[in-house]
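Visitor: So I've got this file, my_file.pdb, and it contains PDB, C-alpha atoms:
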ATOM      1  CA  MET A   8      69.782  19.853 -35.547
ATOM      2  CA  CYS A   9      68.377  18.164 -32.536
ATOM      3  CA  GLY A  10      70.146  14.878 -31.842
ATOM      4  CA  ARG A  11      69.441  14.543 -28.122
ATOM      5  CA  TYR A  12      66.742  15.805 -25.814
ATOM      6  CA  TYR A  13      65.558  15.082 -22.308
ATOM      7  CA  ARG A  14      62.306  14.719 -20.451
ATOM      8  CA  ARG A  15      62.195  14.843 -16.669
ATOM      9  CA  SER A  16      58.435  15.449 -16.490
ATOM     10  CA  ASP A  17      56.386  12.527 -15.278
ATOM     11  CA  LYS A  18      53.057  11.344 -16.636
ATOM     12  CA  GLN A  19      51.027  13.695 -14.422
ATOM     13  CA  ARG A  20      53.015  16.799 -15.356
ATOM     14  CA  ILE A  21      52.734  16.018 -19.072
ATOM     15  CA  ALA A  22      48.976  15.432 -18.748
ATOM     16  CA  GLU A  23      48.519  18.798 -17.037
ATOM     17  CA  ALA A  24      50.830  20.758 -19.344
ATOM     18  CA  PHE A  25      49.262  19.460 -22.550
ATOM     19  CA  ARG A  26      45.679  18.973 -21.315
ATOM     20  CA  ILE A  27      45.477  15.290 -22.169
ATOM     21  CA  CYS A  28      44.305  12.173 -20.382
ATOM     22  CA  VAL A  29      47.053   9.636 -19.928
ATOM     23  CA  PRO A  30      45.861   6.038 -19.546
ATOM     24  CA  PRO A  31      47.021   4.456 -16.263
ATOM     25  CA  THR A  32      48.865   1.739 -18.190
ATOM     26  CA  PHE A  33      50.875   4.272 -20.232
ATOM     27  CA  ASP A  34      54.292   4.612 -18.591
ATOM     28  CA  ILE A  35      56.321   7.764 -19.035
ATOM     29  CA  LEU A  36      59.614   7.601 -17.217
ATOM     30  CA  PRO A  37      62.089  10.482 -17.103
ATOM     31  CA  SER A  38      64.915  10.144 -19.595
ATOM     32  CA  TYR A  39      67.934  12.421 -19.627
ATOM     33  CA  ASN A  40      69.521  11.287 -22.895
ATOM     34  CA  ILE A  41      66.831  10.543 -25.460
ATOM     35  CA  ALA A  42      68.535   9.313 -28.601
ATOM     36  CA  PRO A  43      67.344   8.628 -32.156
ATOM     37  CA  GLN A  44      65.766   5.222 -32.797
ATOM     38  CA  THR A  45      64.324   5.000 -29.260
ATOM     39  CA  PHE A  46      60.600   4.796 -28.547
ATOM     40  CA  GLN A  47      59.199   7.930 -26.914
ATOM     41  CA  PRO A  48      55.791   9.411 -26.050
ATOM     42  CA  VAL A  49      54.324  11.677 -28.710
ATOM     43  CA  ILE A  50      51.047  13.603 -28.635
ATOM     44  CA  ARG A  51      48.880  13.372 -31.744
ATOM     45  CA  ALA A  52      45.257  13.820 -32.732
ATOM     46  CA  ASN A  53      43.125  10.696 -32.355
ATOM     47  CA  ARG A  54      41.924   9.611 -35.809
ATOM     48  CA  GLU A  55      38.316   9.135 -34.685
ATOM     49  CA  THR A  56      37.775  11.873 -32.090
ATOM     50  CA  ALA A  57      40.485  14.399 -33.057
ATOM     51  CA  ARG A  58      41.238  14.753 -29.329
ATOM     52  CA  ARG A  59      44.849  14.676 -28.220
ATOM     53  CA  GLU A  60      46.247  11.288 -27.298
ATOM     54  CA  LEU A  61      49.616   9.844 -26.340
ATOM     55  CA  ALA A  62      51.320   7.256 -28.504
ATOM     56  CA  GLN A  63      54.718   5.558 -28.285
ATOM     57  CA  MET A  64      56.675   6.104 -31.490
ATOM     58  CA  ARG A  65      60.221   5.566 -32.644
ATOM     59  CA  TRP A  66      62.343   8.671 -33.277
ATOM     60  CA  GLY A  67      63.412   8.777 -36.932
ATOM     61  CA  LEU A  68      60.562   9.144 -39.443
ATOM     62  CA  ILE A  69      60.145   6.359 -41.975
ATOM     63  CA  PRO A  70      57.970   7.543 -44.897
ATOM     64  CA  PHE A  71      55.080   5.205 -45.740
ATOM     65  CA  TRP A  72      56.645   4.529 -49.153
ATOM     66  CA  ALA A  73      60.115   3.538 -47.868
ATOM     67  CA  LYS A  74      61.408   0.111 -48.853
ATOM     68  CA  ASP A  75      63.185  -0.422 -45.516
ATOM     69  CA  ALA A  76      63.499   1.176 -42.102
ATOM     70  CA  GLN A  77      67.095   2.340 -42.613
ATOM     71  CA  ILE A  78      65.938   5.760 -43.852
ATOM     72  CA  GLY A  79      64.778   6.499 -40.272
ATOM     73  CA  CYS A  80      68.413   6.965 -39.223
ATOM     74  CA  SER A  81      68.716  10.082 -41.403
ATOM     75  CA  THR A  82      65.245  11.563 -40.805
ATOM     76  CA  ILE A  83      65.344  12.395 -37.094
ATOM     77  CA  ASN A  84      64.933  16.086 -38.008
ATOM     78  CA  ALA A  85      63.057  17.914 -40.758
ATOM     79  CA  LYS A  86      63.829  21.490 -41.765
ATOM     80  CA  ALA A  87      60.659  23.542 -41.251
ATOM     81  CA  GLU A  88      61.562  25.662 -44.278
ATOM     82  CA  THR A  89      61.687  22.723 -46.705
ATOM     83  CA  CYS A  90      59.519  19.930 -45.259
ATOM     84  CA  ALA A  91      56.523  20.917 -47.432
ATOM     85  CA  THR A  92      58.485  20.020 -50.568
ATOM     86  CA  SER A  93      60.563  17.115 -49.245
ATOM     87  CA  PRO A  94      59.258  13.706 -50.385
ATOM     88  CA  ALA A  95      60.105  12.229 -46.963
ATOM     89  CA  PHE A  96      58.003  14.763 -45.014
ATOM     90  CA  ARG A  97      55.386  16.483 -47.194
ATOM     91  CA  GLU A  98      52.535  13.982 -46.674
ATOM     92  CA  ALA A  99      53.114  13.883 -42.925
ATOM     93  CA  LEU A 100      53.101  17.706 -42.819
ATOM     94  CA  LYS A 101      49.669  17.760 -44.471
ATOM     95  CA  ARG A 102      48.013  15.137 -42.272
ATOM     96  CA  ARG A 103      50.139  13.881 -39.361
ATOM     97  CA  ARG A 104      51.479  16.594 -37.085
ATOM     98  CA  CYS A 105      52.440  15.848 -33.521
ATOM     99  CA  LEU A 106      53.883  17.295 -30.340
ATOM    100  CA  VAL A 107      57.010  15.816 -28.791
ATOM    101  CA  PRO A 108      57.015  16.492 -25.008
ATOM    102  CA  ALA A 109      60.382  17.624 -23.667
ATOM    103  CA  ASP A 110      62.013  19.562 -20.867
ATOM    104  CA  GLY A 111      65.187  20.443 -22.766
ATOM    105  CA  PHE A 112      67.601  19.545 -25.539
ATOM    106  CA  SER A 113      71.361  19.336 -25.927
ATOM    107  CA  GLU A 114      73.839  20.494 -28.529
ATOM    108  CA  TRP A 115      77.615  20.172 -28.610
ATOM    109  CA  ALA A 116      79.728  23.334 -28.605
ATOM    110  CA  ARG A 117      83.135  23.033 -30.232
ATOM    111  CA  ILE A 118      85.747  24.321 -27.785
ATOM    112  CA  ASP A 119      88.684  23.602 -30.108
ATOM    113  CA  ALA A 120      89.648  21.144 -32.852
ATOM    114  CA  LYS A 121      89.523  18.161 -30.473
ATOM    115  CA  ILE A 122      87.184  19.144 -27.645
ATOM    116  CA  LYS A 123      83.393  19.471 -27.660
ATOM    117  CA  GLN A 124      81.298  20.427 -24.650
ATOM    118  CA  PRO A 125      77.610  19.543 -24.202
ATOM    119  CA  CYS A 126      75.233  22.487 -23.738
ATOM    120  CA  ALA A 127      71.698  21.998 -22.426
ATOM    121  CA  PHE A 128      68.821  24.308 -23.372
ATOM    122  CA  ALA A 129      65.533  24.573 -21.456
ATOM    123  CA  LEU A 130      62.868  27.138 -20.586
ATOM    124  CA  THR A 131      63.991  29.471 -17.811
ATOM    125  CA  ASP A 132      61.060  28.513 -15.564
ATOM    126  CA  GLY A 133      61.794  24.779 -15.995
ATOM    127  CA  SER A 134      58.356  24.001 -17.419
ATOM    128  CA  PRO A 135      57.815  21.315 -20.045
ATOM    129  CA  PHE A 136      57.313  22.274 -23.667
ATOM    130  CA  ALA A 137      56.847  20.482 -26.964
ATOM    131  CA  PHE A 138      58.848  20.229 -30.138
ATOM    132  CA  ALA A 139      56.813  20.511 -33.312
ATOM    133  CA  GLY A 140      56.885  17.130 -34.997
ATOM    134  CA  LEU A 141      55.547  14.982 -37.800
ATOM    135  CA  TRP A 142      54.669  11.317 -37.615
ATOM    136  CA  GLU A 143      54.152   8.495 -40.054
ATOM    137  CA  GLN A 144      53.039   4.871 -40.076
ATOM    138  CA  TRP A 145      55.200   2.496 -42.095
ATOM    139  CA  LYS A 146      54.561  -1.180 -42.731
ATOM    140  CA  ASP A 147      57.450  -3.640 -42.853
ATOM    141  CA  LYS A 148      56.945  -5.603 -46.060
ATOM    142  CA  ALA A 149      58.770  -8.654 -44.683
ATOM    143  CA  THR A 150      56.743  -9.005 -41.476
ATOM    144  CA  GLY A 151      53.633  -6.949 -42.244
ATOM    145  CA  GLN A 152      54.064  -5.201 -38.892
ATOM    146  CA  PRO A 153      53.235  -1.480 -38.713
ATOM    147  CA  LEU A 154      55.720   0.926 -37.115
ATOM    148  CA  GLU A 155      54.888   4.487 -36.080
ATOM    149  CA  THR A 156      57.783   6.939 -36.250
ATOM    150  CA  TYR A 157      58.311  10.684 -35.803
ATOM    151  CA  THR A 158      60.657  13.519 -36.655
ATOM    152  CA  ILE A 159      61.342  16.851 -34.957
ATOM    153  CA  LEU A 160      61.026  20.051 -36.980
ATOM    154  CA  THR A 161      64.037  22.376 -36.866
ATOM    155  CA  THR A 162      64.471  26.047 -37.705
ATOM    156  CA  GLU A 163      67.025  28.849 -37.700
ATOM    157  CA  PRO A 164      68.551  29.217 -34.224
ATOM    158  CA  ASN A 165      67.642  31.973 -31.786
ATOM    159  CA  GLU A 166      70.387  34.204 -30.328
ATOM    160  CA  LEU A 167      71.181  31.765 -27.532
ATOM    161  CA  THR A 168      71.440  28.561 -29.570
ATOM    162  CA  ALA A 169      73.207  30.301 -32.477
ATOM    163  CA  THR A 170      76.311  30.454 -30.302
ATOM    164  CA  VAL A 171      76.427  26.641 -30.367
ATOM    165  CA  HIS A 172      74.650  25.385 -33.508
ATOM    166  CA  ASP A 173      73.196  26.585 -36.821
ATOM    167  CA  ARG A 174      69.798  24.888 -36.252
ATOM    168  CA  MET A 175      67.437  24.360 -33.327
ATOM    169  CA  PRO A 176      64.182  22.470 -32.771
ATOM    170  CA  VAL A 177      60.884  24.307 -33.242
ATOM    171  CA  ILE A 178      59.716  24.793 -29.642
ATOM    172  CA  LEU A 179      56.047  25.233 -28.714
ATOM    173  CA  ALA A 180      54.994  26.439 -25.265
ATOM    174  CA  PRO A 181      51.953  24.499 -23.911
ATOM    175  CA  ARG A 182      49.730  27.560 -23.403
ATOM    176  CA  GLY A 183      50.093  28.770 -26.977
ATOM    177  CA  LEU A 184      49.744  25.449 -28.779
ATOM    178  CA  ARG A 185      47.645  25.198 -31.889
ATOM    179  CA  SER A 186      45.621  22.137 -32.617
ATOM    180  CA  LEU A 187      47.472  19.309 -34.318
ATOM    181  CA  ASP A 188      45.803  20.122 -37.645
ATOM    182  CA  GLY A 189      47.308  23.639 -37.557
ATOM    183  CA  SER A 190      44.176  25.629 -36.651
ATOM    184  CA  ARG A 191      43.763  27.737 -33.524
ATOM    185  CA  ARG A 192      41.511  26.194 -30.843
ATOM    186  CA  SER A 193      40.130  27.745 -27.738
ATOM    187  CA  ARG A 194      41.095  26.375 -24.359
ATOM    188  CA  ALA A 195      37.580  25.027 -23.806
ATOM    189  CA  THR A 196      37.624  22.881 -26.946
ATOM    190  CA  ALA A 197      41.230  21.727 -26.929
ATOM    191  CA  GLY A 198      41.436  17.962 -26.697
TER     192      GLY A 198
END
When written as structure tokens, how does the structure in this file appear?
Guide:
Amino acid sequence: MCGRYYRRSDKQRIAEAFRICVPPTFDILPSYNIAPQTFQPVIRANRETARRELAQMRWGLIPFWAKDAQIGCSTINAKAETCATSPAFREALKRRRCLVPADGFSEWARIDAKIKQPCAFALTDGSPFAFAGLWEQWKDKATGQPLETYTILTTEPNELTATVHDRMPVILAPRGLRSLDGSRRSRATAG
């Protein structure tokens, strides 16, 4: 489960880490308590050029077929092991992968029956990374307005996070990223 994450990296640091151009009008402000249903920057492949681009999307994936946006409250995470067969995620997994820039995430450790303590997880060198994600475009039938949303893939926890939670986000280091369609790209051709 990943219910909160943070991003202290500014626009320049994200551009450098993920080898993307960030338009001057695209604001990325640090946020230390990113919650579901908020709009956040996501990196996806441009539909026309296939190069990486930034887009603002709402956290909580709404499948294109959903009747209303309420489903987005329960789809902030997708289990990597089952998303290929889940009706909510399988089409996005095939065609709409994304990277969710972050500097860390938080989980709550249960101290006793009444007390929980927040625990933050980040890379030891403090560098930004990305969560593996999926995105979708949904159209509100009442207004006709499109809404782009995303989810974060989760997996079994590593040794460190297993002490706090039974799931963790899939974390991708910038240098080892695959293209957004799942194939390996060389550094020279990465968009």
Visitor: Applying 7 Å and all atoms listed in the file, which residues near range 37-43 of chain A remain after dropping the ones on its own chain fewer than 5 positions away? List them as a PyMOL selection string.
Guide: chain A and resi 10-17+66-67+83
Visitor: I'd like the interatomic distance between CA of Thr158 in chain A and CA of Pro94 in chain A, to a tenth of an Å.
Guide: 13.8 Å
Visitor: Name the closest residue to Pro31 in chain A among the candidates A:Leu61, A:Ala52, A:Gln152, A:Thr162; distances are taken between atoms, counting only C-alpha atoms.
Guide: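 Using only C-alpha atoms, Pro31 in chain A sits closest to A:Leu61.
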Visitor: Go through A:Ile178, A:Ala87, A:Ala95, A:Ala57 and flag the residue nearest Phe138 in chain A, using only C-alpha atoms for the distances.
Guide: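 Smallest distance to Phe138 in chain A is found for A:Ile178.
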Visitor: Axis-aligned box over every listed atom of range 96-114 of chain A, padded by 4 Å per side: centre and edges in Å to one decimal, as JSON?
Guide:
{"center_x": 60.9, "center_y": 17.2, "center_z": -34.0, "size_x": 33.8, "size_y": 14.6, "size_z": 34.3}
Visitor: Nearest residue to Ala137 in chain A out of A:Ile122, A:Ile21, A:Ala99, A:Ala73, using all atoms listed in the file?
Guide: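 Ranked by minimum distance to Ala137 in chain A, first place goes to A:Ile21.
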Visitor: Could you state which residues are captured by the PyMOL selection byres ((chain A and resi 30) around 12) in this file, as a count of residues only?
Guide: 14
Visitor: CA of Trp142 in chain A and CA of Trp115 in chain A are how many Å apart?
Guide: 26.2 Å
Visitor: Find the residues with any atom within 12 Å of (81.6, 24.5, -30.8); use all atoms listed in the file and the coordinates as given in the file, and write the answer as a PyMOL selection string.
Guide: chain A and resi 114-126+168-173
Visitor: Okay, now the selection with C-alpha atoms, as a PDB file, in the coordinates of the input?
Guide:
ATOM      1  CA  GLU A 114      73.839  20.494 -28.529  1.00  0.00           C
ATOM      2  CA  TRP A 115      77.615  20.172 -28.610  1.00  0.00           C
ATOM      3  CA  ALA A 116      79.728  23.334 -28.605  1.00  0.00           C
ATOM      4  CA  ARG A 117      83.135  23.033 -30.232  1.00  0.00           C
ATOM      5  CA  ILE A 118      85.747  24.321 -27.785  1.00  0.00           C
ATOM      6  CA  ASP A 119      88.684  23.602 -30.108  1.00  0.00           C
ATOM      7  CA  ALA A 120      89.648  21.144 -32.852  1.00  0.00           C
ATOM      8  CA  LYS A 121      89.523  18.161 -30.473  1.00  0.00           C
ATOM      9  CA  ILE A 122      87.184  19.144 -27.645  1.00  0.00           C
ATOM     10  CA  LYS A 123      83.393  19.471 -27.660  1.00  0.00           C
ATOM     11  CA  GLN A 124      81.298  20.427 -24.650  1.00  0.00           C
ATOM     12  CA  PRO A 125      77.610  19.543 -24.202  1.00  0.00           C
ATOM     13  CA  CYS A 126      75.233  22.487 -23.738  1.00  0.00           C
ATOM     14  CA  THR A 168      71.440  28.561 -29.570  1.00  0.00           C
ATOM     15  CA  ALA A 169      73.207  30.301 -32.477  1.00  0.00           C
ATOM     16  CA  THR A 170      76.311  30.454 -30.302  1.00  0.00           C
ATOM     17  CA  VAL A 171      76.427  26.641 -30.367  1.00  0.00           C
ATOM     18  CA  HIS A 172      74.650  25.385 -33.508  1.00  0.00           C
ATOM     19  CA  ASP A 173      73.196  26.585 -36.821  1.00  0.00           C
TER      20      ASP A 173
END
Visitor: Name the residues that the PyMOL selection byres ((chain A and resi 53) around 12) picks from the file above, as an MDAnalysis selection string, using the file's chain letters and numbers.
Guide: chainID A and resid 27 49:52 54:62 102:105 186:188 198
Visitor: Let me make sure I understand: among A:Arg20, A:Tyr157, A:Ser134, A:Phe25, which one has the smallest atom-to-atom distance to Gly79 in chain A if we use only C-alpha atoms?
Guide: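 Answer, going by the shortest atom-to-atom distance: A:Tyr157.
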Visitor: For this file, the PyMOL selection byres ((chain A and resi 160) around 6) selects which residues, as a PyMOL selection string?
Guide: chain A and resi 84-87+139-140+159+161+176-177
Visitor: Restricting the calculation to only C-alpha atoms, which member of A:Val107, A:Ile69, A:Glu88, A:Ala76 is positioned closest to Glu163 in chain A?
Guide: A:Glu88
Visitor: To one decimal place in Å, what is the distance between CA of Leu100 in chain A and CA of Gly133 in chain A?
Guide: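 Computing the Euclidean distance for CA of Leu100 in chain A and CA of Gly133 in chain A yields 29.1 Å.
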Visitor: Go through A:Thr150, A:Asn165, A:Gln47, A:Ser113 and flag the residue nearest Asp75 in chain A, using only C-alpha atoms for the distances.
Guide: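 With only C-alpha atoms as the atom set, the closest residue is A:Thr150.
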Visitor: Please supply range 112-128 of chain A, rebuilt with N, CA and C atoms, as a short mmCIF file (atom, residue, chain, number, x, y, z; two decimals), keeping the file's coordinate frame.
Guide:
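See rebuild_37.cif below for the written result:
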data_model
loop_
_atom_site.label_atom_id
_atom_site.label_comp_id
_atom_site.auth_asym_id
_atom_site.auth_seq_id
_atom_site.Cartn_x
_atom_site.Cartn_y
_atom_site.Cartn_z
N PHE A 112 66.84 20.24 -24.50
CA PHE A 112 67.60 19.55 -25.54
C PHE A 112 69.07 19.91 -25.40
N SER A 113 69.92 19.13 -26.03
CA SER A 113 71.36 19.34 -25.93
C SER A 113 71.98 19.52 -27.30
N GLU A 114 73.00 20.34 -27.34
CA GLU A 114 73.84 20.49 -28.53
C GLU A 114 75.29 20.50 -28.05
N TRP A 115 76.19 20.22 -28.95
CA TRP A 115 77.61 20.17 -28.61
C TRP A 115 78.31 21.41 -29.13
N ALA A 116 78.95 22.15 -28.23
CA ALA A 116 79.73 23.33 -28.60
C ALA A 116 81.17 22.91 -28.83
N ARG A 117 81.73 23.35 -29.94
CA ARG A 117 83.14 23.03 -30.23
C ARG A 117 84.02 24.02 -29.48
N ILE A 118 84.82 23.50 -28.57
CA ILE A 118 85.75 24.32 -27.78
C ILE A 118 87.02 24.57 -28.59
N ASP A 119 87.54 23.51 -29.20
CA ASP A 119 88.68 23.60 -30.11
C ASP A 119 88.60 22.42 -31.07
N ALA A 120 89.67 22.18 -31.82
CA ALA A 120 89.65 21.14 -32.85
C ALA A 120 89.37 19.75 -32.30
N LYS A 121 89.69 19.50 -31.04
CA LYS A 121 89.52 18.16 -30.47
C LYS A 121 88.48 18.07 -29.37
N ILE A 122 88.05 19.18 -28.83
CA ILE A 122 87.18 19.14 -27.64
C ILE A 122 85.82 19.74 -27.95
N LYS A 123 84.77 18.99 -27.59
CA LYS A 123 83.39 19.47 -27.66
C LYS A 123 82.80 19.42 -26.26
N GLN A 124 81.93 20.37 -25.96
CA GLN A 124 81.30 20.43 -24.65
C GLN A 124 79.79 20.41 -24.83
N PRO A 125 79.07 19.56 -24.08
CA PRO A 125 77.61 19.54 -24.20
C PRO A 125 77.00 20.80 -23.57
N CYS A 126 75.98 21.33 -24.24
CA CYS A 126 75.23 22.49 -23.74
C CYS A 126 73.75 22.11 -23.71
N ALA A 127 73.13 22.31 -22.57
CA ALA A 127 71.70 22.00 -22.43
C ALA A 127 70.88 23.28 -22.53
N PHE A 128 69.73 23.18 -23.20
CA PHE A 128 68.82 24.31 -23.37
C PHE A 128 67.45 23.91 -22.83
#
